[in-house]
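Enquirer: Next up is a structure, given as structure tokens.
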Amino acid sequence: MEGITDRSFRHLIVECNAPGSVAMTTTEFVRVSQLPTPLLQLQDILGDKPAHTKTGIQLMGNDVEILVESARRAAEAGADFIDYNFGCPAPRVFKHGAGSALLAKPNLIADIVRESKAAVNIPVSAKIRSGIDHDSNIEDMCKQIEDAGADLIIIHGRLKTDRYTDPANWSRITRAVNAVNIPVHGNGDAVDNKTIQQMLDQTGCAGVMIGRGALNNPWIFDEYINNTARRTPRQFSDWLSNYAKLMAKRGATETQVLGKLKQAAKAMGPAGNIPFAQSLLRSNDFFGDLEHLLSEDLV
Ligand SMILES: Cc1cc2nc3c(=O)[nH]c(=O)nc-3n(C[C@H](O)[C@H](O)[C@H](O)COP(=O)(O)O)c2cc1C
């Protein structure tokens, strides 16, 4: 997720869950427009990959050749798989014919997947929304993606026009599952054990992709796979503190660290009633307050 799943976040998420409970993670989208993305940039985005999971680089663009060359470099950088973003609804992206704009051009999606498969020796997945303003093309689109050789389809049960507010419609995930023989992962509103299980049961999808739920609760994977209890507020606080330290260690500025922490704290706060997160959101001098906040007895 853009602005969230940077290498520090991905590392901590994978590390705090029991080995194997996070099957795969993906970078934030890499916008590919005029030129192929430089290898060094892809290596930096990928970072040192966490153990016990597959890490994919997500590319987003609309030029076959430039995307395929970027995919080749992403493989060289060490990505375990290439994921294509055909779902981003952001106006600035859509206006430039990328992300969810490609849902109107399934042939172009298929060309990107096909040419990429010919160019790299790692799996290629396609992350799609269910359509732009209607969902009648789900089956055709998924079949085209399958025929182009994709290894996996990840379908978000919203349309582009639904943005993030309308509830995800999981019957669209079921339709994708029934349309193809390759694995389909469902996405949208799986936020805890109950909803993860419901998505699997209702749609028959082979896996569940979790977005915002991992920001609300970093242990969401372990809780589901190993049936572990919800972590304590103190553990949530420690997670935030480790996140801050890791980002700072990796060269993030104070402003960047604070911005990301506030975002995480906001997501965790209402769900987990994390005192640390609440204090953080009210803080005007985060770094000045950090030690004090961490020394409080929060449990
Ligand atoms: C802040 C934000 C950034 C996102 N960035 C990306 C992205 O870079 N690539 C992507 O495929 N999806 C991105 N998404 C969409 C999520 O991956 C996911 O499809 C969506 O949030 C629905 O799933 P969820 O209910 O599990 O969050 C983003 C969502 C949010 C809220």
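Following the order of the structure tokens, first chain is A, next is B, and so on, with residues numbered from 1 inside each chain and ligands from 1 in the order they appear.
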From region 6-236 of chain A, collect each residue whose DSSP state is strand (DSSP E or B) and return the set as a PyMOL selection string.
Expert: chain A and resi 24-31+54-60+81-86+124-129+152-156+184-187+207-209
Enquirer: Since we have the selection now, will you write its residues out, keeping N, CA and C atoms, as an mmCIF file, in the first residue's frame?
Expert:
data_model
loop_
_atom_site.group_PDB
_atom_site.id
_atom_site.type_symbol
_atom_site.label_atom_id
_atom_site.label_comp_id
_atom_site.auth_asym_id
_atom_site.auth_seq_id
_atom_site.Cartn_x
_atom_site.Cartn_y
_atom_site.Cartn_z
ATOM 1 N N MET A 24 2.990 -13.939 1.569
ATOM 2 C CA MET A 24 3.628 -13.040 0.613
ATOM 3 C C MET A 24 3.335 -11.589 0.966
ATOM 4 N N THR A 25 4.261 -10.708 0.589
ATOM 5 C CA THR A 25 4.041 -9.269 0.776
ATOM 6 C C THR A 25 4.413 -8.577 -0.536
ATOM 7 N N THR A 26 3.909 -7.379 -0.692
ATOM 8 C CA THR A 26 4.181 -6.630 -1.925
ATOM 9 C C THR A 26 4.609 -5.218 -1.573
ATOM 10 N N THR A 27 5.517 -4.675 -2.367
ATOM 11 C CA THR A 27 5.923 -3.284 -2.154
ATOM 12 C C THR A 27 4.762 -2.347 -2.453
ATOM 13 N N GLU A 28 4.942 -1.087 -2.061
ATOM 14 C CA GLU A 28 4.014 -0.059 -2.539
ATOM 15 C C GLU A 28 4.121 -0.042 -4.063
ATOM 16 N N PHE A 29 3.105 0.470 -4.749
ATOM 17 C CA PHE A 29 3.226 0.487 -6.214
ATOM 18 C C PHE A 29 4.407 1.357 -6.638
ATOM 19 N N VAL A 30 5.087 0.900 -7.683
ATOM 20 C CA VAL A 30 6.156 1.681 -8.292
ATOM 21 C C VAL A 30 5.573 2.232 -9.580
ATOM 22 N N ARG A 31 5.454 3.544 -9.654
ATOM 23 C CA ARG A 31 4.864 4.165 -10.851
ATOM 24 C C ARG A 31 5.894 4.153 -11.967
ATOM 25 N N LYS A 54 7.427 -14.459 0.645
ATOM 26 C CA LYS A 54 7.811 -14.043 -0.711
ATOM 27 C C LYS A 54 7.549 -12.545 -0.809
ATOM 28 N N THR A 55 8.484 -11.815 -1.369
ATOM 29 C CA THR A 55 8.299 -10.363 -1.508
ATOM 30 C C THR A 55 8.241 -9.994 -2.978
ATOM 31 N N GLY A 56 7.140 -9.385 -3.372
ATOM 32 C CA GLY A 56 6.973 -8.979 -4.764
ATOM 33 C C GLY A 56 7.148 -7.477 -4.920
ATOM 34 N N ILE A 57 7.569 -7.074 -6.102
ATOM 35 C CA ILE A 57 7.588 -5.641 -6.429
ATOM 36 C C ILE A 57 6.354 -5.365 -7.278
ATOM 37 N N GLN A 58 5.582 -4.350 -6.869
ATOM 38 C CA GLN A 58 4.384 -4.016 -7.635
ATOM 39 C C GLN A 58 4.680 -2.866 -8.597
ATOM 40 N N LEU A 59 4.378 -3.090 -9.863
ATOM 41 C CA LEU A 59 4.597 -2.075 -10.901
ATOM 42 C C LEU A 59 3.254 -1.548 -11.387
ATOM 43 N N MET A 60 3.247 -0.263 -11.730
ATOM 44 C CA MET A 60 1.997 0.327 -12.235
ATOM 45 C C MET A 60 2.325 1.268 -13.396
ATOM 46 N N PHE A 81 8.452 -12.125 -6.960
ATOM 47 C CA PHE A 81 7.425 -12.131 -8.004
ATOM 48 C C PHE A 81 7.145 -10.688 -8.420
ATOM 49 N N ILE A 82 6.528 -10.557 -9.589
ATOM 50 C CA ILE A 82 6.101 -9.230 -10.071
ATOM 51 C C ILE A 82 4.590 -9.157 -9.902
ATOM 52 N N ASP A 83 4.130 -8.081 -9.309
ATOM 53 C CA ASP A 83 2.691 -7.868 -9.194
ATOM 54 C C ASP A 83 2.357 -6.609 -9.977
ATOM 55 N N TYR A 84 1.349 -6.693 -10.847
ATOM 56 C CA TYR A 84 0.936 -5.508 -11.601
ATOM 57 C C TYR A 84 -0.299 -4.892 -10.969
ATOM 58 N N ASN A 85 -0.264 -3.580 -10.838
ATOM 59 C CA ASN A 85 -1.384 -2.855 -10.257
ATOM 60 C C ASN A 85 -2.319 -2.395 -11.376
ATOM 61 N N PHE A 86 -3.468 -3.066 -11.455
ATOM 62 C CA PHE A 86 -4.510 -2.660 -12.405
ATOM 63 C C PHE A 86 -5.757 -2.257 -11.620
ATOM 64 N N VAL A 124 4.249 -13.963 -12.068
ATOM 65 C CA VAL A 124 3.647 -12.653 -12.357
ATOM 66 C C VAL A 124 2.191 -12.695 -11.905
ATOM 67 N N SER A 125 1.814 -11.720 -11.084
ATOM 68 C CA SER A 125 0.414 -11.645 -10.639
ATOM 69 C C SER A 125 -0.215 -10.339 -11.097
ATOM 70 N N ALA A 126 -1.546 -10.350 -11.169
ATOM 71 C CA ALA A 126 -2.288 -9.151 -11.575
ATOM 72 C C ALA A 126 -3.261 -8.798 -10.472
ATOM 73 N N LYS A 127 -3.140 -7.580 -9.962
ATOM 74 C CA LYS A 127 -4.084 -7.120 -8.934
ATOM 75 C C LYS A 127 -5.091 -6.204 -9.623
ATOM 76 N N ILE A 128 -6.352 -6.598 -9.571
ATOM 77 C CA ILE A 128 -7.383 -5.831 -10.281
ATOM 78 C C ILE A 128 -8.480 -5.380 -9.310
ATOM 79 N N ARG A 129 -9.157 -4.313 -9.677
ATOM 80 C CA ARG A 129 -10.470 -4.045 -9.069
ATOM 81 C C ARG A 129 -11.493 -4.771 -9.932
ATOM 82 N N LEU A 152 -1.257 -15.714 -10.833
ATOM 83 C CA LEU A 152 -2.184 -15.399 -9.736
ATOM 84 C C LEU A 152 -2.971 -14.138 -10.093
ATOM 85 N N ILE A 153 -4.251 -14.144 -9.727
ATOM 86 C CA ILE A 153 -5.057 -12.921 -9.831
ATOM 87 C C ILE A 153 -5.456 -12.531 -8.414
ATOM 88 N N ILE A 154 -5.307 -11.263 -8.101
ATOM 89 C CA ILE A 154 -5.790 -10.751 -6.810
ATOM 90 C C ILE A 154 -6.918 -9.777 -7.158
ATOM 91 N N ILE A 155 -8.106 -10.083 -6.697
ATOM 92 C CA ILE A 155 -9.240 -9.216 -7.062
ATOM 93 C C ILE A 155 -9.814 -8.528 -5.833
ATOM 94 N N HIS A 156 -9.900 -7.214 -5.944
ATOM 95 C CA HIS A 156 -10.497 -6.379 -4.907
ATOM 96 C C HIS A 156 -11.980 -6.252 -5.283
ATOM 97 N N VAL A 184 -6.862 -17.534 -7.274
ATOM 98 C CA VAL A 184 -7.397 -16.172 -7.134
ATOM 99 C C VAL A 184 -7.360 -15.834 -5.648
ATOM 100 N N HIS A 185 -6.794 -14.693 -5.323
ATOM 101 C CA HIS A 185 -6.831 -14.203 -3.939
ATOM 102 C C HIS A 185 -7.870 -13.095 -3.847
ATOM 103 N N GLY A 186 -8.672 -13.163 -2.787
ATOM 104 C CA GLY A 186 -9.700 -12.139 -2.593
ATOM 105 C C GLY A 186 -9.155 -10.989 -1.773
ATOM 106 N N ASN A 187 -9.728 -9.823 -1.980
ATOM 107 C CA ASN A 187 -9.270 -8.638 -1.242
ATOM 108 C C ASN A 187 -10.430 -7.668 -1.034
ATOM 109 N N GLY A 207 -6.665 -17.611 -1.395
ATOM 110 C CA GLY A 207 -5.943 -16.854 -0.372
ATOM 111 C C GLY A 207 -6.612 -15.508 -0.181
ATOM 112 N N VAL A 208 -6.243 -14.863 0.908
ATOM 113 C CA VAL A 208 -6.830 -13.558 1.217
ATOM 114 C C VAL A 208 -5.712 -12.534 1.271
ATOM 115 N N MET A 209 -5.893 -11.453 0.535
ATOM 116 C CA MET A 209 -4.927 -10.362 0.612
ATOM 117 C C MET A 209 -5.435 -9.320 1.594
#
Enquirer: Work out how far apart CA of Gln198 (chain A) and CA of Gln235 (chain A) are and give it in Å to one decimal.
Expert: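 Calculated distance between CA of Gln198 (chain A) and CA of Gln235 (chain A) is 27.2 Å.
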Enquirer: So how far away is CA of Glu115 (chain A) from CA of Ile66 (chain A), in Å?
Expert: 10.9 Å
Enquirer: Extract, using only C-alpha atoms, all DNA, RNA and protein residues at most 8 Å from Ile112 (chain A), discarding same-chain residues fewer than 5 positions from it, and format them as an mmCIF file with C-alpha atoms, in the first residue's frame.
Expert:
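Generated file (around-v2.cif):
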data_model
loop_
_atom_site.group_PDB
_atom_site.id
_atom_site.type_symbol
_atom_site.label_atom_id
_atom_site.label_comp_id
_atom_site.auth_asym_id
_atom_site.auth_seq_id
_atom_site.Cartn_x
_atom_site.Cartn_y
_atom_site.Cartn_z
ATOM 1 C CA VAL A 64 4.198 -2.646 -22.332
ATOM 2 C CA LEU A 67 6.874 -2.105 -17.873
ATOM 3 C CA VAL A 68 8.473 -5.306 -19.116
#
Enquirer: If you run DSSP on the backbone here, which positions in region 39-227 of chain A get alpha helix (DSSP H)? Please write them as a PyMOL selection string.
Expert: chain A and resi 39-46+64-77+91-95+106-119+138-147+171-179+193-203+212-216+220-226
Enquirer: Determine the nearest neighbour of ligand 1 from the options A:Lys260, A:His11, A:Arg212, A:Lys105, counting only C-alpha atoms and all ligand atoms.
Expert: A:Arg212
Enquirer: Can you tell me, as a PyMOL selection string, what residues are no more than 9 Å from Asn17 (chain A) when counting only C-alpha atoms, ignoring any on the same chain fewer than 4 positions away?
Expert: chain A and resi 12-13+21-22+218-223
Enquirer: Let's have the selection written as a JSON list (two decimals), in the first residue's frame, with N, CA and C atoms.
Expert:
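The result, stored in part_28.json:
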[["chain", "number", "residue", "atom", "x", "y", "z"],
["A", 12, "LEU", "N", 8.75, -5.51, 9.75],
["A", 12, "LEU", "CA", 8.17, -5.68, 11.08],
["A", 12, "LEU", "C", 6.94, -6.57, 11.05],
["A", 13, "ILE", "N", 6.13, -6.41, 10.01],
["A", 13, "ILE", "CA", 4.92, -7.24, 9.90],
["A", 13, "ILE", "C", 5.31, -8.71, 9.79],
["A", 21, "SER", "N", 3.24, -17.41, 8.52],
["A", 21, "SER", "CA", 1.85, -16.93, 8.53],
["A", 21, "SER", "C", 1.61, -15.79, 7.54],
["A", 22, "VAL", "N", 2.68, -15.11, 7.13],
["A", 22, "VAL", "CA", 2.53, -14.12, 6.05],
["A", 22, "VAL", "C", 3.13, -14.76, 4.80],
["A", 218, "PRO", "N", -1.10, -5.46, 13.41],
["A", 218, "PRO", "CA", 0.04, -6.12, 12.75],
["A", 218, "PRO", "C", 0.05, -7.63, 12.90],
["A", 219, "TRP", "N", -0.64, -8.17, 13.91],
["A", 219, "TRP", "CA", -0.62, -9.62, 14.17],
["A", 219, "TRP", "C", -1.80, -10.34, 13.54],
["A", 220, "ILE", "N", -2.49, -9.70, 12.63],
["A", 220, "ILE", "CA", -3.72, -10.27, 12.05],
["A", 220, "ILE", "C", -3.45, -11.63, 11.41],
["A", 221, "PHE", "N", -2.26, -11.80, 10.83],
["A", 221, "PHE", "CA", -1.95, -13.06, 10.13],
["A", 221, "PHE", "C", -1.79, -14.21, 11.14],
["A", 222, "ASP", "N", -1.00, -13.93, 12.18],
["A", 222, "ASP", "CA", -0.75, -14.93, 13.22],
["A", 222, "ASP", "C", -2.05, -15.29, 13.95],
["A", 223, "GLU", "N", -2.86, -14.29, 14.21],
["A", 223, "GLU", "CA", -4.13, -14.55, 14.91],
["A", 223, "GLU", "C", -4.99, -15.53, 14.12]]
Enquirer: What's the 6 Å shell around Ala168 (chain A), counting only C-alpha atoms, without same-chain residues fewer than 3 positions away, as an MDAnalysis selection string?
Expert: chainID A and resid 157:158 188
Enquirer: Rank A:Arg163, A:Arg114, A:Lys49, A:Arg73 by their smallest atom-to-atom distance to ligand 1, using only C-alpha atoms and all ligand atoms, and report the top residue only.
Expert: A:Arg163
Enquirer: Which is closer to Asn62 (chain A) than all the others in A:Lys262, A:Lys143, A:Lys95, A:Arg7, using only C-alpha atoms?
Expert: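 Answer, going by the shortest atom-to-atom distance: A:Lys95.
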Enquirer: Just want the 7 Å neighbourhood of Leu103 (chain A), counted on only C-alpha atoms, with same-chain residues fewer than 2 positions away dropped. Output as a list in words.
Expert: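 Answer for this query is Phe86, Ser100, Ala101, Lys105, Pro106, Gly131 and Ile132 of chain A.
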